[in-house]
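Trainee: What follows is a single structure, and I will ask about it in a moment.
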2 protein chains.
Amino acid sequence: MAGLLAATPDQAEFLVELLDHGLLIETGEPGVYGRGGGFERIREAFDRLVSRVAEPDGAEAMRFPPVLPRRHFEASGYLKSFPHLAGTIFSFEGTEQEAIEQEDVAHRHGDWSGYQRMTDLVLVPAACYPVYPAIARRGPLPPGGLAIDAGGAYVFRHEPSADPARLQMFHQREMVRLGEPETVALWRNSWRDRAEEVLTRVGLDAHPEVAADPFFGRAGRMLAANQRAQELKFELLIPIAGPEPTAVASFNYHQDHFAGTYGITMADGSPAHTACLGFGLERITLGLLRSHGLDHTRWPAAVTRQLWP
Amino acid sequence: MAGLLAATPDQAEFLVELLDHGLLIETGEPGVYGRGGGFERIREAFDRLVSRVAEPDGAEAMRFPPVLPRRHFEASGYLKSFPHLAGTIFSFEGTEQEAIEQEDVAHRHGDWSGYQRMTDLVLVPAACYPVYPAIARRGPLPPGGLAIDAGGAYVFRHEPSADPARLQMFHQREMVRLGEPETVALWRNSWRDRAEEVLTRVGLDAHPEVAADPFFGRAGRMLAANQRAQELKFELLIPIAGPEPTAVASFNYHQDHFAGTYGITMADGSPAHTACLGFGLERITLGLLRSHGLDHTRWPAAVTRQLWP
């Protein structure tokens, strides 16, 4: 098992409260929890609120399962930036005798990894990843590009943590914009305002920040500095638990990275630009529970009116 | 890659129609598709219809992510019955130098499996699996047991197929009953009737059948015969594409298997019995599209009234 990321006493205490109230459900693995009905009602209500705010975009709905073809993932550059966070899917393709041996070792909780072979699938690391190859298949973008609503999709990050706000599998409420550089930049700016406003409307004290991804290793420090200098990533942060505020939404401007990787062009053959926006639905739910109390039926009316209009 | 399961001409043609109409979205991997907005509206409407039919059960809502602690999975017996269908999650925990090598091999679409190590997580093979350990943690069941609504959760089956009704990742709309043997048997019988009725209400020609799981290998044939003889599994089948009808709902009576594995007992210490019911939401959506046409706005009013009341 990967090293367990520690939690602050505040975060550890919050997790215990969430488990005691049946909002999260223990599985025995850090960062992997079931969700009780109360938690889900809040998460789904915020998801629908985002859909209402997104309506003017007229985005096309696309939903993807939490697995991605390995070939697309290999081309994406993710393994360069975040090799430590990716999850790959292995499976068994052996004989009957090997199946018996594998089960025998596994049943004793021994090491049965040798019986497993890499499949053609990996876990989706960010909800926008399956969108780019799907759009590329259609040929050149129409003038003005495309807005895609990728819904609230499960994504995987291999970072076991005792902080309830750092899950190994969580829902990203994701929107993607593809088109001319100016179109994409305008869309990103409009969402930076709309995202801050929607968080404020539900009583969360959000503030924007220029940010960088948690790139791996020494080379990663340069990538992060470059990302910050070019202001390619913005986050919205809210207080949840712990001394620092937590990022609950992020905007990434990829310039022509994904378009170049998968071959997404405008009608005139020029490379498209892309940007995406993801809300971390579990983190926002946790922020709401922390700010307004663990029983959502007792939240301020101004907040519940927004979530359950 | 595992051998690709063939499709009949009828199934292959149906897949092309679904892709052409934007109901499914090609990813390049058989059995892994995105879903367009039209597909999702139908899937979500049937999901809600099941919730309305399930209301009298007063089930407790629990939702789990599509990953499961490996320790629970190892204890479950799944690897004995279905080693060929399971998916395990691997990840990278190496040095910076190894990360560079891994990315280099992966970028060339070479074999980078040697850089990946087994994690403590596997993919959820059936939506009820995370429920049993979670209930076991609570201690003995109350008299009358418990009904759990596990929602419409993504599950994984490693069986790449050209048949659109055989997906590698799909939603199971799952209900679980735990309690005294008589309680569980009554619940299962009531759902056998309700499930057939709900499929009939949306214009699907469903019929029930005693069934067996696709157990692995020669030993599996005996398990299957035993399961049939004891009538532990029932399925509801509808015509989709191909010569044979397709199972779209299944009822499994586990007797005390899961209770024994995870230690679920009644207050008097006797082992609980468990049963589950899963609707295959994508298969039902495909059945509806096949029966009523690819444009749901033109379906018979008697059907749409049930789905969008």
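Naming scheme: A, B, ... for chains in displayed order of the structure tokens; residues 1 onward per chain; ligands 1 onward as shown.
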Taking only C-alpha atoms into account, what are the residues of chain B at most 7 Å from chain A, put as a JSON list (two decimals) with N, CA, C and O atoms, in the first residue's frame?

Mentor:
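Done, and the output landed in part10.json:
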[["chain", "number", "residue", "atom", "x", "y", "z"],
["B", 1, "MET", "N", -4.84, -8.35, -24.92],
["B", 1, "MET", "CA", -6.28, -8.19, -24.75],
["B", 1, "MET", "C", -6.98, -9.53, -24.76],
["B", 1, "MET", "O", -6.58, -10.45, -25.47],
["B", 26, "GLU", "N", -18.45, 6.01, -29.35],
["B", 26, "GLU", "CA", -17.30, 5.12, -29.55],
["B", 26, "GLU", "C", -16.11, 5.58, -28.71],
["B", 26, "GLU", "O", -15.83, 6.77, -28.63],
["B", 27, "THR", "N", -15.40, 4.63, -28.07],
["B", 27, "THR", "CA", -14.13, 4.99, -27.42],
["B", 27, "THR", "C", -12.95, 4.27, -28.08],
["B", 27, "THR", "O", -11.80, 4.59, -27.81],
["B", 29, "GLU", "N", -12.64, 0.96, -27.59],
["B", 29, "GLU", "CA", -12.58, -0.32, -26.88],
["B", 29, "GLU", "C", -13.97, -0.97, -26.91],
["B", 29, "GLU", "O", -14.95, -0.33, -26.54],
["B", 33, "TYR", "N", -18.30, 2.40, -23.86],
["B", 33, "TYR", "CA", -18.87, 3.47, -24.66],
["B", 33, "TYR", "C", -19.24, 4.64, -23.77],
["B", 33, "TYR", "O", -19.58, 4.46, -22.60],
["B", 34, "GLY", "N", -19.16, 5.85, -24.36],
["B", 34, "GLY", "CA", -19.82, 6.98, -23.73],
["B", 34, "GLY", "C", -21.30, 6.89, -24.00],
["B", 34, "GLY", "O", -21.75, 6.10, -24.84],
["B", 35, "ARG", "N", -22.07, 7.68, -23.25],
["B", 35, "ARG", "CA", -23.52, 7.72, -23.44],
["B", 35, "ARG", "C", -23.92, 9.14, -23.81],
["B", 35, "ARG", "O", -23.52, 10.08, -23.12],
["B", 36, "GLY", "N", -24.71, 9.28, -24.85],
["B", 36, "GLY", "CA", -25.23, 10.60, -25.21],
["B", 36, "GLY", "C", -26.39, 10.99, -24.30],
["B", 36, "GLY", "O", -26.90, 10.18, -23.52],
["B", 37, "GLY", "N", -26.80, 12.26, -24.42],
["B", 37, "GLY", "CA", -27.87, 12.78, -23.58],
["B", 37, "GLY", "C", -29.16, 11.98, -23.69],
["B", 37, "GLY", "O", -29.85, 11.74, -22.69],
["B", 61, "ALA", "N", -30.76, 4.06, 1.91],
["B", 61, "ALA", "CA", -29.91, 4.34, 0.74],
["B", 61, "ALA", "C", -28.44, 4.26, 1.12],
["B", 61, "ALA", "O", -28.02, 4.81, 2.14],
["B", 62, "MET", "N", -27.68, 3.56, 0.32],
["B", 62, "MET", "CA", -26.22, 3.51, 0.44],
["B", 62, "MET", "C", -25.66, 3.56, -0.97],
["B", 62, "MET", "O", -26.15, 2.87, -1.85],
["B", 63, "ARG", "N", -24.65, 4.40, -1.16],
["B", 63, "ARG", "CA", -24.01, 4.46, -2.48],
["B", 63, "ARG", "C", -22.53, 4.19, -2.31],
["B", 63, "ARG", "O", -21.91, 4.74, -1.38],
["B", 64, "PHE", "N", -21.97, 3.37, -3.21],
["B", 64, "PHE", "CA", -20.54, 3.06, -3.12],
["B", 64, "PHE", "C", -19.84, 3.41, -4.42],
["B", 64, "PHE", "O", -20.41, 3.27, -5.50],
["B", 65, "PRO", "N", -18.57, 3.84, -4.33],
["B", 65, "PRO", "CA", -17.80, 4.07, -5.56],
["B", 65, "PRO", "C", -17.50, 2.73, -6.22],
["B", 65, "PRO", "O", -17.68, 1.68, -5.60],
["B", 69, "PRO", "N", -12.31, -2.53, -1.30],
["B", 69, "PRO", "CA", -11.06, -3.01, -0.69],
["B", 69, "PRO", "C", -10.74, -4.43, -1.16],
["B", 69, "PRO", "O", -11.61, -5.30, -1.16],
["B", 71, "ARG", "N", -9.08, -6.76, 0.26],
["B", 71, "ARG", "CA", -9.25, -7.78, 1.33],
["B", 71, "ARG", "C", -10.68, -8.33, 1.35],
["B", 71, "ARG", "O", -10.88, -9.53, 1.55],
["B", 74, "GLU", "N", -11.09, -10.56, -1.72],
["B", 74, "GLU", "CA", -10.40, -11.85, -1.58],
["B", 74, "GLU", "C", -11.21, -12.83, -0.75],
["B", 74, "GLU", "O", -11.17, -14.05, -0.97],
["B", 75, "ALA", "N", -11.95, -12.29, 0.21],
["B", 75, "ALA", "CA", -12.74, -13.16, 1.10],
["B", 75, "ALA", "C", -14.05, -13.59, 0.46],
["B", 75, "ALA", "O", -14.69, -14.54, 0.92],
["B", 79, "LEU", "N", -13.30, -14.81, -6.84],
["B", 79, "LEU", "CA", -12.18, -15.31, -7.65],
["B", 79, "LEU", "C", -12.28, -16.81, -7.91],
["B", 79, "LEU", "O", -11.65, -17.33, -8.83],
["B", 80, "LYS", "N", -13.05, -17.50, -7.09],
["B", 80, "LYS", "CA", -13.26, -18.93, -7.31],
["B", 80, "LYS", "C", -14.26, -19.12, -8.45],
["B", 80, "LYS", "O", -14.07, -19.96, -9.31],
["B", 83, "PRO", "N", -13.01, -15.84, -11.93],
["B", 83, "PRO", "CA", -11.68, -15.21, -11.99],
["B", 83, "PRO", "C", -11.47, -14.43, -13.29],
["B", 83, "PRO", "O", -10.73, -13.45, -13.31],
["B", 84, "HIS", "N", -12.15, -14.86, -14.36],
["B", 84, "HIS", "CA", -11.96, -14.27, -15.69],
["B", 84, "HIS", "C", -12.65, -12.92, -15.84],
["B", 84, "HIS", "O", -12.38, -12.20, -16.79],
["B", 86, "ALA", "N", -13.00, -10.52, -13.19],
["B", 86, "ALA", "CA", -12.59, -9.54, -12.18],
["B", 86, "ALA", "C", -11.56, -8.56, -12.72],
["B", 86, "ALA", "O", -10.73, -8.91, -13.56],
["B", 87, "GLY", "N", -11.59, -7.35, -12.21],
["B", 87, "GLY", "CA", -10.58, -6.35, -12.53],
["B", 87, "GLY", "C", -9.90, -5.87, -11.26],
["B", 87, "GLY", "O", -10.57, -5.53, -10.28],
["B", 88, "THR", "N", -8.57, -5.87, -11.26],
["B", 88, "THR", "CA", -7.82, -5.38, -10.10],
["B", 88, "THR", "C", -7.13, -4.07, -10.49],
["B", 88, "THR", "O", -6.87, -3.81, -11.66],
["B", 89, "ILE", "N", -6.82, -3.25, -9.48],
["B", 89, "ILE", "CA", -6.23, -1.95, -9.76],
["B", 89, "ILE", "C", -4.76, -1.94, -9.36],
["B", 89, "ILE", "O", -4.41, -2.28, -8.23],
["B", 90, "PHE", "N", -3.94, -1.57, -10.31],
["B", 90, "PHE", "CA", -2.51, -1.45, -10.10],
["B", 90, "PHE", "C", -2.12, 0.02, -10.18],
["B", 90, "PHE", "O", -2.83, 0.83, -10.77],
["B", 91, "SER", "N", -0.95, 0.33, -9.60],
["B", 91, "SER", "CA", -0.49, 1.71, -9.61],
["B", 91, "SER", "C", 1.03, 1.75, -9.54],
["B", 91, "SER", "O", 1.68, 0.72, -9.39],
["B", 92, "PHE", "N", 1.58, 2.94, -9.66],
["B", 92, "PHE", "CA", 3.03, 3.13, -9.70],
["B", 92, "PHE", "C", 3.52, 3.64, -8.34],
["B", 92, "PHE", "O", 2.96, 4.58, -7.79],
["B", 93, "GLU", "N", 4.57, 3.00, -7.82],
["B", 93, "GLU", "CA", 5.14, 3.50, -6.56],
["B", 93, "GLU", "C", 6.65, 3.54, -6.63],
["B", 93, "GLU", "O", 7.34, 3.39, -5.61],
["B", 96, "GLU", "N", 11.83, 8.36, -9.35],
["B", 96, "GLU", "CA", 11.72, 9.31, -10.46],
["B", 96, "GLU", "C", 12.30, 8.71, -11.75],
["B", 96, "GLU", "O", 11.75, 8.92, -12.83],
["B", 99, "ALA", "N", 9.86, 6.32, -13.16],
["B", 99, "ALA", "CA", 8.73, 7.04, -13.75],
["B", 99, "ALA", "C", 9.06, 7.49, -15.18],
["B", 99, "ALA", "O", 8.21, 7.40, -16.08],
["B", 103, "GLU", "N", 7.08, 6.10, -18.50],
["B", 103, "GLU", "CA", 6.44, 7.01, -19.45],
["B", 103, "GLU", "C", 7.00, 6.80, -20.86],
["B", 103, "GLU", "O", 6.25, 6.83, -21.85],
["B", 106, "ALA", "N", 5.45, 3.61, -22.18],
["B", 106, "ALA", "CA", 4.01, 3.79, -22.38],
["B", 106, "ALA", "C", 3.74, 4.67, -23.59],
["B", 106, "ALA", "O", 2.83, 4.39, -24.38],
["B", 107, "HIS", "N", 4.54, 5.71, -23.74],
["B", 107, "HIS", "CA", 4.32, 6.65, -24.84],
["B", 107, "HIS", "C", 4.46, 5.95, -26.19],
["B", 107, "HIS", "O", 3.80, 6.31, -27.17],
["B", 109, "HIS", "N", 3.53, 2.96, -26.59],
["B", 109, "HIS", "CA", 2.54, 1.89, -26.50],
["B", 109, "HIS", "C", 3.20, 0.53, -26.31],
["B", 109, "HIS", "O", 2.71, -0.49, -26.80],
["B", 113, "SER", "N", 3.71, -2.79, -17.94],
["B", 113, "SER", "CA", 3.04, -3.44, -16.80],
["B", 113, "SER", "C", 4.01, -3.73, -15.66],
["B", 113, "SER", "O", 3.62, -3.74, -14.50],
["B", 118, "MET", "N", 0.29, -4.04, -7.58],
["B", 118, "MET", "CA", -1.09, -4.22, -7.14],
["B", 118, "MET", "C", -1.39, -3.29, -5.97],
["B", 118, "MET", "O", -0.62, -3.20, -5.02],
["B", 119, "THR", "N", -2.54, -2.59, -6.06],
["B", 119, "THR", "CA", -2.95, -1.75, -4.94],
["B", 119, "THR", "C", -3.88, -2.53, -4.01],
["B", 119, "THR", "O", -4.14, -3.72, -4.23],
["B", 120, "ASP", "N", -4.41, -1.86, -3.01],
["B", 120, "ASP", "CA", -5.35, -2.48, -2.07],
["B", 120, "ASP", "C", -6.78, -2.43, -2.56],
["B", 120, "ASP", "O", -7.71, -2.69, -1.79],
["B", 134, "ALA", "N", -20.09, -3.47, 4.98],
["B", 134, "ALA", "CA", -20.55, -2.25, 5.65],
["B", 134, "ALA", "C", -21.62, -2.58, 6.69],
["B", 134, "ALA", "O", -21.61, -2.02, 7.80],
["B", 169, "MET", "N", -18.34, -2.11, -18.46],
["B", 169, "MET", "CA", -18.70, -1.30, -17.29],
["B", 169, "MET", "C", -20.12, -0.81, -17.50],
["B", 169, "MET", "O", -20.42, -0.18, -18.52],
["B", 217, "GLY", "N", -14.69, -22.41, -15.86],
["B", 217, "GLY", "CA", -14.04, -23.71, -15.93],
["B", 217, "GLY", "C", -14.95, -24.91, -15.74],
["B", 217, "GLY", "O", -16.17, -24.79, -15.67]]

Trainee: Please identify the alpha helix (DSSP H) residues within stretch 157-255 of chain B (assignment by DSSP from backbone atoms) and present them as number ranges by chain.

Mentor: B: 181-201, 217-229

Trainee: What residues in stretch 138-183 of chain A get the DSSP label strand (DSSP E or B)? Please answer as a ChimeraX atom specification.

Mentor: /A:141,146-156,161,169-179

Trainee: In Å, how far is it from atom CA of A:Leu178 to atom CA of A:Ala275?

Mentor: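 According to the coordinates, atom CA of A:Leu178 and atom CA of A:Ala275 are separated by 6.7 Å.
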
Trainee: Please provide as a list in words all residues within 7 Å of A:Ala272, with the sequence filter that same-chain residues fewer than 4 positions apart are discarded (counting only C-alpha atoms).

Mentor: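 Close residues of A:Ala272: Leu178, Gly179, Glu180, Asp256, Ala259, Ile264, Thr265 and Met266 of chain A.
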
Trainee: Enter the distance from atom CA of A:Gln306 to atom CA of A:Arg41, in Å, rounded to one decimal.

Mentor: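 Atom CA of A:Gln306 sits 13.4 Å away from atom CA of A:Arg41.
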
Trainee: Applying 7 Å and only C-alpha atoms, which residues near B:Ala153 remain after dropping the ones on its own chain fewer than 6 positions away? List them as number ranges by chain.

Mentor: B: 127, 171-173
